[in-house]
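Chemist: Just so it is clear, I am handing over entry-v1.cif, which has mmCIF, C-alpha atoms.
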data_target
#
loop_
_atom_site.label_atom_id
_atom_site.label_comp_id
_atom_site.auth_asym_id
_atom_site.auth_seq_id
_atom_site.Cartn_x
_atom_site.Cartn_y
_atom_site.Cartn_z
CA MET A 297 -34.08 -53.19 57.29
CA LYS A 298 -31.63 -52.23 54.52
CA TYR A 299 -34.00 -53.37 51.75
CA ALA A 300 -36.99 -51.74 53.47
CA ALA A 301 -35.14 -48.41 53.54
CA ILE A 302 -34.25 -48.74 49.85
CA PHE A 303 -37.88 -49.57 49.02
CA ILE A 304 -39.11 -46.52 50.94
CA LEU A 305 -36.64 -44.26 49.11
CA ILE A 306 -37.77 -45.66 45.76
CA MET A 307 -41.43 -45.08 46.66
CA ILE A 308 -40.69 -41.50 47.73
CA PHE A 309 -38.89 -40.88 44.41
CA VAL A 310 -41.69 -42.41 42.34
CA SER A 311 -44.38 -40.54 44.30
CA ALA A 312 -42.56 -37.24 43.77
CA PHE A 313 -42.35 -37.94 40.03
CA LEU A 314 -46.03 -38.86 39.78
CA LEU A 315 -47.08 -35.77 41.71
CA ASN A 316 -45.01 -33.63 39.35
CA GLU A 317 -46.78 -35.26 36.40
CA LEU A 318 -50.31 -34.61 37.66
CA PRO A 319 -52.05 -31.80 35.72
CA ASP A 320 -52.86 -28.83 37.97
CA ASN A 321 -54.97 -26.80 35.50
CA ARG A 322 -52.42 -23.99 35.53
CA LEU A 323 -49.95 -22.70 32.99
CA HIS A 324 -46.32 -22.58 34.16
CA ILE A 325 -43.77 -20.37 32.42
CA TYR A 326 -40.15 -20.87 33.44
CA PHE A 327 -37.46 -18.42 32.38
CA LEU A 328 -34.45 -20.64 32.87
CA ASP A 329 -31.23 -19.03 34.01
CA VAL A 330 -28.81 -20.04 31.25
CA GLY A 331 -26.60 -16.95 31.58
CA GLN A 332 -26.35 -14.57 28.64
CA GLY A 333 -29.06 -16.13 26.49
CA ASP A 334 -32.74 -17.00 26.21
CA CYS A 335 -34.41 -20.19 27.36
CA ILE A 336 -38.12 -20.42 28.18
CA LEU A 337 -39.84 -23.64 29.23
CA ILE A 338 -43.64 -23.75 29.26
CA LYS A 339 -45.77 -26.45 30.88
CA SER A 340 -49.45 -26.40 29.91
CA PRO A 341 -52.35 -27.20 32.27
CA ASP A 342 -52.39 -30.78 30.95
CA ASN A 343 -48.58 -31.15 31.16
CA LYS A 344 -47.64 -30.60 27.54
CA THR A 345 -44.35 -28.76 27.13
CA ILE A 346 -43.02 -26.00 24.87
CA LEU A 347 -39.38 -24.92 24.79
CA ILE A 348 -38.49 -21.56 23.26
CA ASP A 349 -34.72 -21.29 22.68
CA ALA A 350 -32.13 -23.08 24.80
CA GLY A 351 -29.40 -20.58 25.51
CA PRO A 352 -25.64 -20.93 25.08
CA GLY A 353 -23.61 -23.90 26.28
CA SER A 354 -25.31 -26.99 27.67
CA SER A 355 -26.87 -25.78 30.93
CA ALA A 356 -30.41 -25.75 29.48
CA VAL A 357 -30.72 -29.54 29.39
CA LYS A 358 -29.82 -29.78 33.09
CA LEU A 359 -32.26 -27.05 34.06
CA ILE A 360 -35.05 -28.64 32.01
CA GLY A 361 -34.44 -31.93 33.78
CA LYS A 362 -34.51 -30.22 37.16
CA THR A 363 -37.75 -28.42 36.27
CA LEU A 364 -39.71 -31.24 34.61
CA GLY A 365 -38.22 -34.12 36.57
CA HIS A 366 -35.47 -36.36 35.26
CA LEU A 367 -37.88 -39.15 34.25
CA ASN A 368 -39.86 -36.85 31.95
CA ARG A 369 -38.03 -37.11 28.63
CA LYS A 370 -40.48 -35.46 26.22
CA ILE A 371 -40.85 -31.94 24.85
CA ASP A 372 -43.91 -31.55 22.65
CA LEU A 373 -42.89 -28.42 20.76
CA MET A 374 -39.55 -26.66 20.43
CA ILE A 375 -39.28 -23.18 18.87
CA LEU A 376 -36.13 -21.34 17.86
CA SER A 377 -36.55 -17.56 17.75
CA HIS A 378 -33.47 -17.00 15.57
CA PRO A 379 -30.14 -18.73 14.85
CA HIS A 380 -27.72 -17.05 17.23
CA LYS A 381 -25.64 -19.28 19.49
CA ASP A 382 -26.97 -17.74 22.72
CA HIS A 383 -30.40 -19.02 21.65
CA PHE A 384 -29.74 -22.30 19.82
CA GLU A 385 -26.53 -23.86 21.17
CA GLY A 386 -28.24 -25.60 24.08
CA MET A 387 -30.77 -27.18 21.72
CA LEU A 388 -28.17 -29.67 20.52
CA GLU A 389 -28.07 -31.48 23.87
CA VAL A 390 -31.84 -31.17 24.28
CA VAL A 391 -32.41 -32.86 20.90
CA LYS A 392 -30.01 -35.64 21.87
CA ARG A 393 -31.59 -36.34 25.26
CA TYR A 394 -35.29 -35.64 24.78
CA GLU A 395 -38.03 -36.96 22.56
CA ILE A 396 -39.14 -33.90 20.58
CA GLY A 397 -42.62 -33.84 19.07
CA LYS A 398 -42.03 -31.00 16.60
CA ILE A 399 -39.54 -28.21 15.97
CA LEU A 400 -40.36 -24.80 14.51
CA LEU A 401 -37.43 -22.96 12.95
CA PRO A 402 -37.13 -19.29 11.92
CA ASN A 403 -36.79 -18.36 8.27
CA ALA A 404 -33.27 -17.10 8.84
CA GLY A 405 -29.94 -18.44 7.68
CA SER A 406 -26.71 -18.87 9.63
CA SER A 407 -23.11 -19.52 8.64
CA ASP A 408 -22.30 -20.89 12.10
CA PRO A 409 -21.06 -24.50 11.73
CA LEU A 410 -22.72 -25.38 15.03
CA TYR A 411 -26.11 -24.44 13.59
CA SER A 412 -25.50 -26.85 10.71
CA THR A 413 -24.60 -29.50 13.29
CA LEU A 414 -27.90 -28.86 15.08
CA LEU A 415 -29.91 -29.11 11.85
CA ASN A 416 -28.14 -32.33 10.90
CA GLU A 417 -28.84 -33.82 14.32
CA ILE A 418 -32.52 -32.93 13.99
CA LYS A 419 -32.62 -34.50 10.55
CA SER A 420 -30.85 -37.69 11.67
CA ARG A 421 -33.40 -38.18 14.43
CA LYS A 422 -36.26 -37.66 11.97
CA ILE A 423 -37.94 -35.01 14.10
CA GLU A 424 -40.86 -33.26 12.43
CA THR A 425 -39.66 -29.80 11.46
CA ALA A 426 -41.29 -26.74 9.89
CA PHE A 427 -40.70 -23.02 9.54
CA VAL A 428 -42.54 -20.76 11.94
CA PRO A 429 -45.93 -19.97 10.38
CA GLN A 430 -46.71 -16.33 9.66
CA ASN A 431 -49.64 -14.65 11.41
CA SER A 432 -51.17 -17.90 12.56
CA ASP A 433 -52.08 -19.73 15.75
CA ILE A 434 -51.32 -23.16 17.17
CA ASP A 435 -53.96 -24.72 19.40
CA PHE A 436 -51.94 -26.46 22.08
CA GLY A 437 -54.94 -27.90 23.89
CA ALA A 438 -56.37 -27.20 27.36
CA GLY A 439 -57.14 -23.62 26.30
CA VAL A 440 -53.54 -22.74 25.44
CA PHE A 441 -52.75 -21.04 22.11
CA MET A 442 -49.49 -19.89 20.56
CA ASP A 443 -50.02 -16.87 18.34
CA PHE A 444 -47.19 -16.01 15.92
CA LEU A 445 -47.23 -12.25 15.45
CA TYR A 446 -44.10 -11.80 13.37
CA SER A 447 -41.82 -14.12 11.42
CA ASP A 448 -39.92 -13.60 8.18
CA SER A 449 -41.53 -15.03 5.07
CA ALA A 450 -38.20 -15.62 3.31
CA ILE A 451 -34.53 -15.81 4.12
CA SER A 452 -32.78 -12.55 3.25
CA ASP A 453 -29.06 -11.81 3.10
CA LYS A 454 -29.87 -8.19 3.87
CA LYS A 455 -31.20 -8.97 7.32
CA SER A 456 -29.34 -10.02 10.42
CA ALA A 457 -30.60 -12.97 12.45
CA ASN A 458 -31.87 -10.54 15.10
CA GLU A 459 -33.99 -8.79 12.48
CA SER A 460 -35.58 -12.14 11.65
CA SER A 461 -36.49 -12.95 15.25
CA VAL A 462 -39.84 -14.62 15.78
CA ILE A 463 -42.29 -12.63 17.89
CA SER A 464 -44.95 -14.85 19.46
CA ARG A 465 -47.65 -14.63 22.09
CA LEU A 466 -48.89 -17.35 24.43
CA LEU A 467 -52.55 -17.13 25.46
CA TYR A 468 -54.35 -18.96 28.26
CA GLY A 469 -57.80 -17.76 29.28
CA LYS A 470 -57.64 -14.04 29.96
CA THR A 471 -53.86 -14.04 30.29
CA SER A 472 -51.08 -13.67 27.72
CA ILE A 473 -47.30 -13.51 27.45
CA ILE A 474 -45.25 -12.13 24.57
CA PHE A 475 -41.84 -13.46 23.52
CA THR A 476 -39.66 -11.29 21.30
CA GLY A 477 -36.36 -13.11 20.78
CA ASP A 478 -33.78 -10.45 19.90
CA ALA A 479 -36.15 -8.45 17.70
CA PRO A 480 -35.06 -4.82 17.29
CA VAL A 481 -37.44 -1.88 17.25
CA GLU A 482 -38.10 -2.16 13.50
CA GLU A 483 -39.49 -5.70 13.89
CA GLU A 484 -41.64 -4.60 16.80
CA TYR A 485 -43.21 -2.02 14.47
CA SER A 486 -43.75 -4.71 11.82
CA ALA A 487 -45.55 -6.88 14.34
CA LEU A 488 -47.77 -3.98 15.39
CA LYS A 489 -48.91 -3.57 11.77
CA SER A 490 -50.93 -6.79 12.12
CA ASN A 491 -53.49 -4.63 13.99
CA LYS A 492 -54.11 -7.38 16.54
CA ASP A 493 -54.98 -6.73 20.16
CA PHE A 494 -51.50 -6.76 21.65
CA SER A 495 -52.27 -6.27 25.34
CA VAL A 496 -50.37 -8.77 27.48
CA ASN A 497 -49.67 -9.46 31.15
CA LEU A 498 -46.01 -10.33 30.71
CA ILE A 499 -43.25 -9.58 28.21
CA LYS A 500 -39.92 -11.32 27.68
CA ILE A 501 -37.83 -8.25 26.94
CA GLY A 502 -36.15 -8.19 23.54
CA HIS A 503 -32.43 -8.78 23.05
CA HIS A 504 -31.60 -9.24 26.76
CA GLY A 505 -32.55 -5.65 27.54
CA SER A 506 -30.74 -3.93 24.67
CA LYS A 507 -31.50 -0.26 24.14
CA TYR A 508 -32.31 -1.13 20.52
CA SER A 509 -35.37 -3.19 21.50
CA THR A 510 -38.55 -2.70 23.53
CA SER A 511 -39.54 0.75 22.30
CA GLU A 512 -41.91 3.08 24.12
CA GLU A 513 -44.48 2.60 21.33
CA PHE A 514 -44.31 -1.17 21.68
CA LEU A 515 -44.71 -1.00 25.46
CA TYR A 516 -47.66 1.36 25.05
CA GLU A 517 -49.44 -1.10 22.76
CA ILE A 518 -48.81 -4.26 24.78
CA ASN A 519 -49.15 -2.58 28.21
CA PRO A 520 -47.62 -5.37 30.32
CA THR A 521 -47.63 -5.66 34.09
CA TYR A 522 -44.43 -7.70 34.28
CA ALA A 523 -41.19 -7.84 32.29
CA VAL A 524 -38.50 -10.53 32.32
CA ILE A 525 -34.94 -9.84 31.21
CA GLN A 526 -32.80 -12.85 30.34
CA SER A 527 -29.23 -11.62 30.65
CA GLY A 528 -26.12 -13.02 32.27
CA SER A 529 -24.43 -11.52 35.29
CA LYS A 530 -21.77 -8.94 34.37
CA ASN A 531 -22.08 -9.78 30.66
CA ARG A 532 -19.72 -8.05 28.21
CA TYR A 533 -22.57 -6.29 26.37
CA GLY A 534 -23.71 -4.33 29.40
CA HIS A 535 -27.21 -5.81 29.17
CA PRO A 536 -29.68 -4.69 30.23
CA HIS A 537 -29.03 -1.17 29.02
CA LYS A 538 -30.12 1.79 31.12
CA GLU A 539 -32.28 3.16 28.28
CA ALA A 540 -34.40 -0.03 28.21
CA LEU A 541 -34.72 -0.12 32.00
CA ASP A 542 -35.77 3.54 32.03
CA ARG A 543 -38.53 2.86 29.49
CA LEU A 544 -39.88 0.02 31.64
CA GLU A 545 -39.71 2.01 34.86
CA LYS A 546 -41.42 4.98 33.20
CA ARG A 547 -44.48 2.77 32.66
CA ASN A 548 -44.27 1.23 36.17
CA ILE A 549 -43.67 -2.26 34.77
CA GLN A 550 -42.34 -4.65 37.38
CA ILE A 551 -38.96 -6.01 36.23
CA PHE A 552 -37.60 -9.50 36.89
CA ARG A 553 -34.07 -10.50 35.92
CA ASN A 554 -32.31 -13.84 35.64
CA ASP A 555 -28.97 -12.26 36.56
CA PHE A 556 -30.48 -11.09 39.87
CA SER A 557 -32.89 -13.90 40.73
CA GLY A 558 -31.85 -17.01 38.78
CA THR A 559 -34.61 -19.09 37.17
CA LEU A 560 -38.02 -17.41 37.33
CA GLU A 561 -41.40 -19.14 37.36
CA PHE A 562 -44.67 -17.39 36.51
CA ILE A 563 -48.02 -19.16 36.88
CA SER A 564 -51.35 -18.44 35.17
CA ASP A 565 -54.72 -19.82 36.24
CA GLY A 566 -56.37 -18.31 33.16
CA GLU A 567 -57.62 -15.30 35.13
CA ALA A 568 -54.34 -13.75 36.27
CA ILE A 569 -50.60 -14.29 36.11
CA TYR A 570 -48.76 -14.71 39.40
CA ALA A 571 -45.17 -13.50 39.61
CA PRO A 572 -42.39 -15.06 41.69
CA ILE A 573 -42.47 -13.97 45.32
#
Could you render the structure as structure tokens?
Modeler:
Amino acid sequence: MKYAAIFILIMIFVSAFLLNELPDNRLHIYFLDVGQGDCILIKSPDNKTILIDAGPGSSAVKLIGKTLGHLNRKIDLMILSHPHKDHFEGMLEVVKRYEIGKILLPNAGSSDPLYSTLLNEIKSRKIETAFVPQNSDIDFGAGVFMDFLYSDSAISDKKSANESSVISRLLYGKTSIIFTGDAPVEEEYSALKSNKDFSVNLIKIGHHGSKYSTSEEFLYEINPTYAVIQSGSKNRYGHPHKEALDRLEKRNIQIFRNDFSGTLEFISDGEAIYAPI
């Protein structure tokens, strides 16, 4: 009886893993609750994965395991929006524990020793690495595209890392999501100069809800239905700022926050995006 019970438990575990691995023809976007930082995990309709940032500390790797299943040890594409610790620190553990297909890095420098440690770890593991391409798309398969709307062409000492944040848009069918890193208003304007159709269903709010990001003009152009703010509970910066929240509420954009709701999952079937209940 003892061995039969163990066998049944093993079969339940394996079945749960296999079910999690079956493609469901939907796009899943997880805004992982890593505290005061950004971490977005994307699972495509055919189960390919994209990780944008990995927050501070090491909580991201645990949350990724919980989300994807602990037997799934591959991330197809990892993107760093900019080299600030609340975006890249968690990547160190992810690189150590996961097989990474490719990493896209911003064209921004950092004097943080931990960032050098991350780059050395990536190099030692011989992971394919490139800078984020400017004004170009990546075909991720199954109808999923990553469109890079803004990224610096060269490293500049005159710019902060925030000012070099990558702004990207994920497209699946008729739906789209925009990710802004910590881009301030000036970079939002630079992205708008591309004259692309910017309308989206969902926006990851810039700089954790800082008043210096997510301008009225930017919101007017992208016209989202939903907004996600990745900020930690009672953080020392006071994020999200009232000014940013007021701009969102003025346009009747539904706001979701990690500090209120924990990890958030949005799902797209290519026709519409479904928010957490």
Chemist: Excluding range 335-345 of chain A and any residue of its chain fewer than 6 positions from it, enumerate the residues within 6 Å of it, using all atoms listed in the file, and give them as a list in words.
Modeler: Pro319, Asp320, Asn321, Arg322, Leu323, His324, Ile325, Tyr326, Phe327, Leu328, Gly351, Ile371 and Asp372 of chain A
Chemist: Looking at only C-alpha atoms, which of A:Ile573, A:Leu544, A:Ala356, A:Ile499 is the one that sits closest to Val330 in chain A?
Modeler: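 Smallest separation from Val330 in chain A among the options: A:Ala356.
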Chemist: For Asn554 in chain A, find every residue with an atom within 10 Å (counting all atoms listed in the file), except residues of its own chain fewer than 6 positions away, and show them as a PyMOL selection string.
Modeler: chain A and resi 327-334+524-529+560
Chemist: Do you know which residues the PyMOL selection byres ((chain A and resi 375) around 9) returns on this file, as a list in words?
Modeler: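 Going through the file, the PyMOL selection byres ((chain A and resi 375) around 9) ends up selecting Ile346, Leu347, Ile348, Asp349, Leu373, Met374, Leu376, Ser377, Lys398, Ile399, Leu400, Leu401, Pro402 and Val428 of chain A.
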Chemist: Using Å and a single decimal, report how far CA of Asn431 in chain A sits from CA of Tyr446 in chain A.
Modeler: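 Taking CA of Tyr446 in chain A and CA of Asn431 in chain A, their separation equals 6.5 Å.
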Chemist: Which residues are near Lys381 in chain A? Cut-off 8 Å, only C-alpha atoms, ignore same chain within fewer than 4 positions. Put them as a ChimeraX atom specification.
Modeler: /A:351-352,385,411
Chemist: Where does the PyMOL selection byres ((chain A and resi 358) around 12) land in this file, that is, which residues does it pick, as a ChimeraX atom specification?
Modeler: /A:328-330,350-351,353-357,359-366,369,386-387,389-390,393-394
Chemist: Could you write out as a PyMOL selection string the residues that the PyMOL selection byres ((chain A and resi 540) around 8) matches in the shown file?
Modeler: chain A and resi 505-507+509-511+536-539+541-544
Chemist: Between CA of Ile518 in chain A and CA of Asp493 in chain A, what is the spacing in Å?
Modeler: 8.1 Å
Chemist: Could you tell me how far CA of Asp435 in chain A lies from CA of Phe562 in chain A, in Å and to one decimal?
Modeler: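 Straight-line distance from CA of Asp435 in chain A to CA of Phe562 in chain A works out to 20.8 Å.
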Chemist: Between A:Lys470, A:Lys370, A:Lys392, A:Lys422, single out the one closest to Gly566 in chain A, counting all atoms listed in the file.
Modeler: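 Among A:Lys470, A:Lys370, A:Lys392, A:Lys422, it is A:Lys470 that comes nearest to Gly566 in chain A.
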Chemist: Find the residue from A:Ser460, A:Ser432, A:Asn368, A:Thr425 that sits nearest to Ala404 in chain A; use all atoms listed in the file when measuring.
Modeler: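 The answer is A:Ser460, which sits nearest to Ala404 in chain A.
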Chemist: May I ask which of the residues A:Ala487, A:Ile473, A:Val391, A:Ile463 is the closest one to Asn519 in chain A, counting all atoms listed in the file?
Modeler: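 Result for the nearest residue to Asn519 in chain A: A:Ile473.
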